[in-house]
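> Enclosed is the structure file model.txt (compact mmCIF, C-alpha atoms).
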# COMPACT_ATOMS: atom_id res chain seq x y z
CA MET A 1 11.96 16.95 19.20
CA TYR A 2 10.05 13.69 18.99
CA ARG A 3 10.16 10.60 21.13
CA TYR A 4 10.50 7.10 19.75
CA ASP A 5 7.43 4.92 20.12
CA ALA A 6 8.53 2.21 22.53
CA GLY A 7 5.34 0.29 21.85
CA GLU A 8 7.31 -1.55 19.18
CA GLN A 9 10.53 -3.40 19.81
CA PRO A 10 13.00 -2.09 18.94
CA PRO A 11 11.44 1.36 19.47
CA VAL A 12 10.52 3.17 16.29
CA ALA A 13 10.66 6.78 15.09
CA ILE A 14 7.08 7.85 14.38
CA VAL A 15 5.68 11.30 13.65
CA PRO A 16 2.10 12.49 13.15
CA VAL A 17 1.20 13.16 9.51
CA THR A 18 -1.84 14.54 7.73
CA VAL A 19 -2.68 13.25 4.28
CA THR A 20 -4.98 15.27 2.01
CA ASP A 21 -6.71 14.28 -1.20
CA PRO A 22 -5.80 17.22 -3.50
CA ILE A 23 -9.07 16.94 -5.40
CA THR A 24 -11.67 16.61 -2.64
CA GLY A 25 -9.72 18.13 0.26
CA ALA A 26 -10.55 15.07 2.39
CA GLN A 27 -7.98 14.60 5.14
CA ALA A 28 -6.72 11.77 7.30
CA SER A 29 -4.43 11.95 10.32
CA LEU A 30 -2.17 9.02 10.95
CA SER A 31 1.25 7.98 12.17
CA GLY A 32 4.24 8.02 9.86
CA LYS A 33 7.14 5.65 10.46
CA LEU A 34 10.49 7.04 9.31
CA ASP A 35 12.05 4.55 6.91
CA THR A 36 15.32 5.46 5.22
CA GLY A 37 15.24 2.11 3.42
CA ALA A 38 12.10 2.94 1.47
CA ALA A 39 12.52 4.79 -1.82
CA ILE A 40 8.85 5.74 -1.89
CA SER A 41 6.36 6.50 0.86
CA VAL A 42 3.53 4.08 1.53
CA LEU A 43 0.01 4.68 2.76
CA PRO A 44 -2.01 2.07 4.62
CA ILE A 45 -4.74 0.64 2.38
CA ALA A 46 -7.26 1.74 5.01
CA THR A 47 -6.29 5.39 4.50
CA VAL A 48 -6.69 5.08 0.73
CA ALA A 49 -10.17 3.69 1.35
CA ASP A 50 -11.05 6.33 3.96
CA LEU A 51 -10.06 9.17 1.64
CA GLY A 52 -11.59 7.54 -1.43
CA LEU A 53 -8.35 8.03 -3.35
CA ALA A 54 -8.29 6.95 -6.98
CA PRO A 55 -5.09 5.45 -8.39
CA GLN A 56 -3.39 7.79 -10.86
CA SER A 57 -0.19 5.91 -11.52
CA ASP A 58 1.58 2.68 -10.77
CA VAL A 59 5.03 1.77 -9.53
CA TRP A 60 7.25 -1.30 -9.48
CA VAL A 61 8.69 -1.98 -6.07
CA ALA A 62 11.33 -4.47 -4.97
CA GLY A 63 10.77 -5.93 -1.53
CA TYR A 64 13.27 -7.29 0.99
CA ASP A 65 13.25 -10.57 -0.95
CA THR A 66 14.07 -8.65 -4.18
CA GLN A 67 10.79 -9.80 -5.71
CA PHE A 68 9.22 -7.14 -7.93
CA VAL A 69 5.58 -6.27 -7.56
CA GLN A 70 3.48 -3.64 -9.26
CA LEU A 71 1.42 -1.43 -6.99
CA PRO A 72 -1.04 1.40 -7.58
CA ALA A 73 0.16 4.92 -6.84
CA TYR A 74 -1.69 8.01 -5.68
CA PHE A 75 -0.97 11.72 -5.54
CA VAL A 76 -1.59 13.36 -2.17
CA ALA A 77 -0.61 16.39 -0.14
CA LEU A 78 1.29 15.65 3.05
CA GLU A 79 1.86 17.62 6.22
CA VAL A 80 4.71 16.36 8.37
CA ALA A 81 6.92 18.02 10.98
CA GLY A 82 5.52 21.46 10.22
CA CYS A 83 6.21 21.11 6.50
CA THR A 84 3.67 20.79 3.71
CA ILE A 85 4.46 18.76 0.61
CA GLU A 86 1.89 19.91 -1.91
CA MET A 87 2.05 16.90 -4.18
CA LEU A 88 3.64 13.57 -3.44
CA LYS A 89 3.36 10.26 -5.26
CA VAL A 90 2.82 7.44 -2.80
CA THR A 91 1.90 3.81 -3.05
CA ALA A 92 -0.13 1.73 -0.60
CA SER A 93 -0.07 -1.61 1.13
CA GLN A 94 -1.73 -3.35 4.01
CA ARG A 95 -0.01 -1.85 7.03
CA SER A 96 -0.87 0.01 10.21
CA HIS A 97 1.42 3.09 9.86
CA MET A 98 2.31 5.20 6.89
CA LEU A 99 5.92 4.67 5.79
CA LEU A 100 7.79 7.93 5.26
CA GLY A 101 10.45 7.03 2.73
CA ARG A 102 13.44 8.88 1.37
CA ASP A 103 11.18 10.83 -0.98
CA VAL A 104 9.93 12.64 2.14
CA LEU A 105 12.93 12.37 4.48
CA SER A 106 15.31 13.92 1.95
CA ARG A 107 13.46 17.20 2.47
CA PHE A 108 14.49 17.33 6.14
CA VAL A 109 17.47 17.23 8.41
CA ALA A 110 16.84 14.13 10.51
CA THR A 111 18.76 13.55 13.74
CA PHE A 112 18.38 10.31 15.66
CA ASP A 113 19.40 9.82 19.28
CA GLY A 114 18.65 6.16 19.74
CA LYS A 115 20.24 5.98 23.17
CA ASN A 116 17.79 8.53 24.53
CA LEU A 117 14.91 7.45 22.26
CA THR A 118 14.51 10.91 20.76
CA PHE A 119 14.81 12.23 17.23
CA ASP A 120 14.28 15.43 15.36
CA LEU A 121 13.00 16.21 11.91
CA VAL A 122 13.65 19.76 10.77
CA ASP A 123 12.96 21.48 7.49
CA PRO A 124 16.10 23.57 6.91
CA MET B 1 -3.92 -29.25 16.23
CA SER B 2 -6.64 -31.82 16.83
CA THR B 3 -9.06 -33.84 14.74
CA ILE B 4 -12.76 -34.45 15.31
CA THR B 5 -14.66 -37.15 13.45
CA ILE B 6 -18.18 -36.00 12.67
CA HIS B 7 -21.15 -38.30 12.37
CA GLU B 8 -24.21 -37.75 10.23
CA THR B 9 -27.49 -37.64 12.12
CA GLN B 10 -31.08 -37.28 10.98
CA THR B 11 -30.99 -33.50 11.29
CA ALA B 12 -27.45 -32.25 11.05
CA TYR B 13 -23.86 -33.10 11.78
CA ASN B 14 -23.02 -33.64 15.37
CA VAL B 15 -19.75 -31.91 16.22
CA PRO B 16 -18.55 -32.60 19.75
CA PHE B 17 -16.56 -29.42 19.81
CA ASN B 18 -14.85 -27.94 22.81
CA GLU B 19 -13.72 -24.34 22.28
CA ALA B 20 -10.72 -24.91 24.54
CA ALA B 21 -9.31 -27.25 21.87
CA LEU B 22 -8.58 -24.20 19.71
CA ALA B 23 -5.91 -23.16 22.18
CA THR B 24 -3.66 -25.87 20.75
CA GLY B 25 -4.28 -24.94 17.11
CA PRO B 26 -6.83 -25.53 14.35
CA VAL B 27 -9.36 -28.32 14.74
CA ILE B 28 -9.86 -30.52 11.69
CA LEU B 29 -13.26 -32.02 11.00
CA GLU B 30 -13.22 -35.39 9.33
CA ARG B 31 -16.09 -37.40 7.91
CA LYS B 32 -15.56 -40.97 6.83
CA GLY B 33 -11.80 -40.46 7.01
CA ARG B 34 -11.83 -37.40 4.75
CA ARG B 35 -10.98 -33.88 5.87
CA VAL B 36 -14.01 -31.70 5.28
CA ALA B 37 -13.38 -28.51 7.28
CA VAL B 38 -11.10 -26.74 9.71
CA ILE B 39 -12.17 -24.74 12.73
CA ILE B 40 -9.98 -21.77 13.64
CA PRO B 41 -10.59 -18.93 16.10
CA ALA B 42 -12.84 -16.21 14.71
CA ASP B 43 -10.15 -13.53 14.98
CA GLU B 44 -7.72 -15.68 12.99
CA PHE B 45 -10.39 -16.13 10.33
CA GLN B 46 -10.89 -12.37 10.23
CA ALA B 47 -7.13 -11.86 9.88
CA PHE B 48 -7.08 -14.39 7.05
CA ARG B 49 -9.90 -12.59 5.26
CA LEU B 50 -8.04 -9.30 5.60
CA TRP B 51 -4.83 -10.88 4.30
CA GLN B 52 -6.76 -12.34 1.39
CA GLU B 53 -8.36 -8.97 0.70
CA GLY B 54 -5.00 -7.22 0.94
CA ARG B 55 -3.45 -9.56 -1.62
CA SER B 56 -6.14 -8.95 -4.22
CA TRP B 57 -6.51 -5.23 -3.51
CA PRO B 58 -3.55 -3.98 -5.63
CA GLN B 59 -4.82 -5.81 -8.70
CA ARG B 60 -8.30 -4.36 -8.26
CA GLN B 61 -6.84 -0.87 -7.95
CA LEU B 62 -4.59 -1.36 -10.99
CA GLY B 63 -7.63 -2.59 -12.88
CA ARG B 64 -9.18 0.86 -12.49
CA LEU B 65 -6.27 2.24 -14.53
CA GLN B 66 -6.32 -0.46 -17.15
CA THR B 67 -7.64 1.61 -20.06
CA GLU B 68 -5.12 4.42 -19.61
CA ARG B 69 -2.24 2.06 -18.84
CA THR B 70 -2.97 0.20 -22.07
CA ALA B 71 -3.01 3.51 -23.95
CA PHE B 72 0.33 4.47 -22.38
CA ARG B 73 1.93 1.22 -23.49
CA ARG B 74 0.53 1.72 -26.98
CA LEU B 75 1.86 5.28 -27.14
CA LEU B 76 5.20 4.53 -25.48
CA PRO B 77 7.31 3.89 -28.63
CA GLU B 78 6.34 7.30 -30.00
CA LEU B 79 6.60 8.99 -26.60
CA LEU B 80 10.17 7.72 -26.25
CA LYS B 81 11.01 9.79 -29.32
CA THR B 82 9.14 12.91 -28.23
CA HIS B 83 8.94 12.91 -24.40
CA ARG B 84 11.76 10.68 -23.14
CA GLY B 85 12.54 11.49 -19.51
CA GLN B 86 9.35 13.49 -19.07
CA PHE B 87 6.16 12.57 -17.27
CA VAL B 88 2.95 12.38 -19.26
CA ALA B 89 -0.70 12.42 -18.22
CA ILE B 90 -2.94 10.09 -20.19
CA GLN B 91 -6.69 10.48 -20.32
CA GLY B 92 -9.16 9.12 -22.82
CA GLY B 93 -6.33 7.30 -24.55
CA ASP B 94 -4.38 10.47 -25.33
CA VAL B 95 -1.63 12.55 -23.76
CA VAL B 96 -3.34 15.54 -22.15
CA ASP B 97 -0.27 17.11 -20.53
CA ALA B 98 3.44 16.54 -19.94
CA ASP B 99 6.20 17.92 -17.73
CA VAL B 100 9.71 17.11 -16.59
CA ASP B 101 8.44 17.62 -13.02
CA GLU B 102 6.01 14.89 -11.97
CA SER B 103 4.61 16.87 -9.03
CA ALA B 104 4.00 19.96 -11.16
CA LEU B 105 2.23 17.82 -13.74
CA ALA B 106 0.07 16.15 -11.09
CA ARG B 107 -0.81 19.53 -9.57
CA ARG B 108 -1.95 20.83 -12.94
CA VAL B 109 -4.03 17.87 -14.04
CA LEU B 110 -5.61 17.30 -10.63
CA ALA B 111 -6.42 21.01 -10.32
CA GLN B 112 -8.47 20.53 -13.48
CA GLY B 113 -10.45 17.84 -11.65
CA ARG B 114 -9.02 15.07 -13.85
CA ARG B 115 -9.45 12.21 -11.41
CA LEU B 116 -9.37 9.43 -14.00
CA VAL B 117 -5.93 10.17 -15.31
CA TYR B 118 -2.78 8.07 -15.57
CA ILE B 119 0.57 9.75 -14.93
CA GLN B 120 3.72 7.90 -15.87
CA GLU B 121 7.35 8.53 -16.66
CA VAL B 122 8.43 8.02 -20.26
CA ARG B 123 11.33 5.60 -20.13
CA SER B 124 12.12 2.31 -21.80
CA ASP B 125 12.36 0.32 -18.55
CA PRO B 126 10.17 0.99 -15.53
CA ARG B 127 11.79 2.57 -12.52
CA ILE B 128 12.13 0.14 -9.58
CA TYR B 129 11.60 1.50 -6.07
CA ASP B 130 13.24 -0.23 -3.12
CA LEU B 131 10.71 -1.03 -0.45
CA PRO B 132 12.39 -3.48 1.86
CA SER B 133 10.11 -2.98 4.84
CA PRO B 134 7.42 -5.61 5.05
CA GLU B 135 4.89 -5.45 7.82
CA VAL B 136 2.88 -8.32 9.13
CA VAL B 137 -0.43 -6.74 9.99
CA ARG B 138 -3.25 -8.51 11.70
CA HIS B 139 -6.71 -7.22 12.38
CA VAL B 140 -6.28 -4.01 10.42
CA PRO B 141 -9.64 -2.86 9.08
CA LEU B 142 -9.79 -2.08 5.36
Would you mind writing the structure in this file as structure tokens?

Amino acid sequence: MYRYDAGEQPPVAIVPVTVTDPITGAQASLSGKLDTGAAISVLPIATVADLGLAPQSDVWVAGYDTQFVQLPAYFVALEVAGCTIEMLKVTASQRSHMLLGRDVLSRFVATFDGKNLTFDLVDP
Amino acid sequence: MSTITIHETQTAYNVPFNEAALATGPVILERKGRRVAVIIPADEFQAFRLWQEGRSWPQRQLGRLQTERTAFRRLLPELLKTHRGQFVAIQGGDVVDADVDESALARRVLAQGRRLVYIQEVRSDPRIYDLPSPEVVRHVPL
């Protein structure tokens, strides 16, 4: 069971994640914000720089304003909620948290109790 | 926002600047009726630099893939006949591996230490990912 981070308003569902460069083994620990609206997960640019990740693909993304933009994509390993995803394609943008999109969340059973500011993320 | 008129002196410009003026917004420096500079708080300048850096960063990263992306586009018409719906790995201008499973393909090519590789899905129109969650970030180190 996780608690919402009330440091943001409205409070936000955040879990600790570990990102690993599959080539070098370099790791970074950061916070992952659960985002069912995102079709792909997003790393902060700072994490890409810290890990020295090299782009190995690109993706077109449509933002809230429906404008398309092409972004670099990276392949990483991800540990979240006790589950390891060996290879995940992610993109990156300038942000403080990682966004955990549906590409990650669809691997879990997610239960949100907004009234009590708790949620759970379980790998069935 | 306020405006300060600066006067040329023998040695340098004389700017009668009071830091408290920044509390009301940027301070514009004018010389002979022409705007020559704007003073903003240092942390706002830093945030602007980071924003500027963040805007150019994707293009710089995509530039690192340029050779292989160009090769993919060149090969795409033929790949649509032979690998439609699959993912291909391009290196040195050629397809070095392919798979229907993108993660499996990435695992294989990265396990071989192929860092400078371009992995893309073979389809006539690029896939569009919804990413409706913007974030206004200030003072985030790159």
> Need to verify the contact set: range 61-64 of chain B, 12 Å, all atoms listed in the file, exclusion of same-chain residues closer than 5 positions in sequence. Can you return it as a PyMOL selection string?
(chain A and resi 45+48-49+52-60+69-74+91-93) or (chain B and resi 53-56+69-70+115-118)
> How close does chain B get to chain A? List, as JSON lines, each residue of chain B within 10 Å, its nearest atom pair and the distance in Å to one decimal, counting all atoms listed in the file.

{"residue": "B:Leu50", "atom": "CA", "partner": "A:Gln94", "partner_atom": "CA", "distance": 8.8}
{"residue": "B:Trp51", "atom": "CA", "partner": "A:Gln94", "partner_atom": "CA", "distance": 8.1}
{"residue": "B:Glu53", "atom": "CA", "partner": "A:Gln94", "partner_atom": "CA", "distance": 9.3}
{"residue": "B:Gly54", "atom": "CA", "partner": "A:Gln94", "partner_atom": "CA", "distance": 5.9}
{"residue": "B:Arg55", "atom": "CA", "partner": "A:Gln94", "partner_atom": "CA", "distance": 8.6}
{"residue": "B:Trp57", "atom": "CA", "partner": "A:Ile45", "partner_atom": "CA", "distance": 8.5}
{"residue": "B:Pro58", "atom": "CA", "partner": "A:Leu71", "partner_atom": "CA", "distance": 5.7}
{"residue": "B:Gln59", "atom": "CA", "partner": "A:Leu71", "partner_atom": "CA", "distance": 7.8}
{"residue": "B:Arg60", "atom": "CA", "partner": "A:Pro72", "partner_atom": "CA", "distance": 9.3}
{"residue": "B:Gln61", "atom": "CA", "partner": "A:Pro72", "partner_atom": "CA", "distance": 6.2}
{"residue": "B:Leu62", "atom": "CA", "partner": "A:Pro72", "partner_atom": "CA", "distance": 5.6}
{"residue": "B:Gly63", "atom": "CA", "partner": "A:Pro72", "partner_atom": "CA", "distance": 9.4}
{"residue": "B:Arg64", "atom": "CA", "partner": "A:Pro55", "partner_atom": "CA", "distance": 7.4}
{"residue": "B:Leu65", "atom": "CA", "partner": "A:Pro55", "partner_atom": "CA", "distance": 7.0}
{"residue": "B:Glu68", "atom": "CA", "partner": "A:Gln56", "partner_atom": "CA", "distance": 9.5}
{"residue": "B:Arg69", "atom": "CA", "partner": "A:Ser57", "partner_atom": "CA", "distance": 8.5}
{"residue": "B:Ala89", "atom": "CA", "partner": "A:Gln56", "partner_atom": "CA", "distance": 9.1}
{"residue": "B:Ile90", "atom": "CA", "partner": "A:Gln56", "partner_atom": "CA", "distance": 9.6}
{"residue": "B:Glu102", "atom": "CA", "partner": "A:Lys89", "partner_atom": "CA", "distance": 8.6}
{"residue": "B:Ser103", "atom": "CA", "partner": "A:Met87", "partner_atom": "CA", "distance": 5.5}
{"residue": "B:Ala104", "atom": "CA", "partner": "A:Met87", "partner_atom": "CA", "distance": 7.9}
{"residue": "B:Leu105", "atom": "CA", "partner": "A:Met87", "partner_atom": "CA", "distance": 9.6}
{"residue": "B:Ala106", "atom": "CA", "partner": "A:Phe75", "partner_atom": "CA", "distance": 7.2}
{"residue": "B:Arg107", "atom": "CA", "partner": "A:Met87", "partner_atom": "CA", "distance": 6.6}
{"residue": "B:Leu110", "atom": "CA", "partner": "A:Ile23", "partner_atom": "CA", "distance": 6.3}
{"residue": "B:Ala111", "atom": "CA", "partner": "A:Ile23", "partner_atom": "CA", "distance": 6.9}
{"residue": "B:Gln112", "atom": "CA", "partner": "A:Ile23", "partner_atom": "CA", "distance": 8.9}
{"residue": "B:Gly113", "atom": "CA", "partner": "A:Ile23", "partner_atom": "CA", "distance": 6.5}
{"residue": "B:Arg114", "atom": "CA", "partner": "A:Ile23", "partner_atom": "CA", "distance": 8.7}
{"residue": "B:Arg115", "atom": "CA", "partner": "A:Ala54", "partner_atom": "CA", "distance": 7.0}
{"residue": "B:Leu116", "atom": "CA", "partner": "A:Gln56", "partner_atom": "CA", "distance": 7.0}
{"residue": "B:Val117", "atom": "CA", "partner": "A:Gln56", "partner_atom": "CA", "distance": 5.6}
{"residue": "B:Tyr118", "atom": "CA", "partner": "A:Gln56", "partner_atom": "CA", "distance": 4.8}
{"residue": "B:Ile119", "atom": "CA", "partner": "A:Ser57", "partner_atom": "CA", "distance": 5.2}
{"residue": "B:Gln120", "atom": "CA", "partner": "A:Ser57", "partner_atom": "CA", "distance": 6.2}
{"residue": "B:Glu121", "atom": "CA", "partner": "A:Ser57", "partner_atom": "CA", "distance": 9.5}
{"residue": "B:Pro126", "atom": "CA", "partner": "A:Trp60", "partner_atom": "CA", "distance": 7.1}
{"residue": "B:Arg127", "atom": "CA", "partner": "A:Trp60", "partner_atom": "CA", "distance": 6.7}
{"residue": "B:Ile128", "atom": "CA", "partner": "A:Trp60", "partner_atom": "CA", "distance": 5.1}
{"residue": "B:Tyr129", "atom": "CA", "partner": "A:Val61", "partner_atom": "CA", "distance": 4.5}
{"residue": "B:Asp130", "atom": "CA", "partner": "A:Ala62", "partner_atom": "CA", "distance": 5.0}
{"residue": "B:Leu131", "atom": "CA", "partner": "A:Ala38", "partner_atom": "CA", "distance": 4.6}
{"residue": "B:Pro132", "atom": "CA", "partner": "A:Tyr64", "partner_atom": "CA", "distance": 4.0}
{"residue": "B:Ser133", "atom": "CA", "partner": "A:Tyr64", "partner_atom": "CA", "distance": 6.6}
{"residue": "B:Pro134", "atom": "CA", "partner": "A:Tyr64", "partner_atom": "CA", "distance": 7.3}
{"residue": "B:Glu135", "atom": "CA", "partner": "A:Arg95", "partner_atom": "CA", "distance": 6.1}
{"residue": "B:Val136", "atom": "CA", "partner": "A:Arg95", "partner_atom": "CA", "distance": 7.4}
{"residue": "B:Val137", "atom": "CA", "partner": "A:Arg95", "partner_atom": "CA", "distance": 5.7}
{"residue": "B:Arg138", "atom": "CA", "partner": "A:Arg95", "partner_atom": "CA", "distance": 8.8}
{"residue": "B:His139", "atom": "CA", "partner": "A:Ser96", "partner_atom": "CA", "distance": 9.5}
{"residue": "B:Val140", "atom": "CA", "partner": "A:Ser96", "partner_atom": "CA", "distance": 6.7}
{"residue": "B:Pro141", "atom": "CA", "partner": "A:Ala46", "partner_atom": "CA", "distance": 6.6}
{"residue": "B:Leu142", "atom": "CA", "partner": "A:Ala46", "partner_atom": "CA", "distance": 4.6}
> CA of Ile40 in chain B to CA of Ile28 in chain B: how many Å, to one decimal?
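Taking CA of Ile40 in chain B and CA of Ile28 in chain B, their separation equals 9.0 Å.
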> As a ChimeraX atom specification, please: the residues near Ala37 in chain B (cut-off 9 Å, only C-alpha atoms, same-chain neighbours under 4 positions excluded).
/B:27-30
> Using only the atoms of range 79-83 of chain A listed in the file, plus 4 Å on each side, state the axis-aligned box centre and edge lengths in Å rounded to one decimal, as JSON.

{"center_x": 4.4, "center_y": 18.9, "center_z": 8.6, "size_x": 13.1, "size_y": 13.1, "size_z": 12.8}
> Using all atoms listed in the file, which residue out of B:Pro77, B:Gln46, B:Pro41, B:Phe72 lies closest to Val96 in chain B?
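Of all the options, B:Phe72 lies closest to Val96 in chain B.
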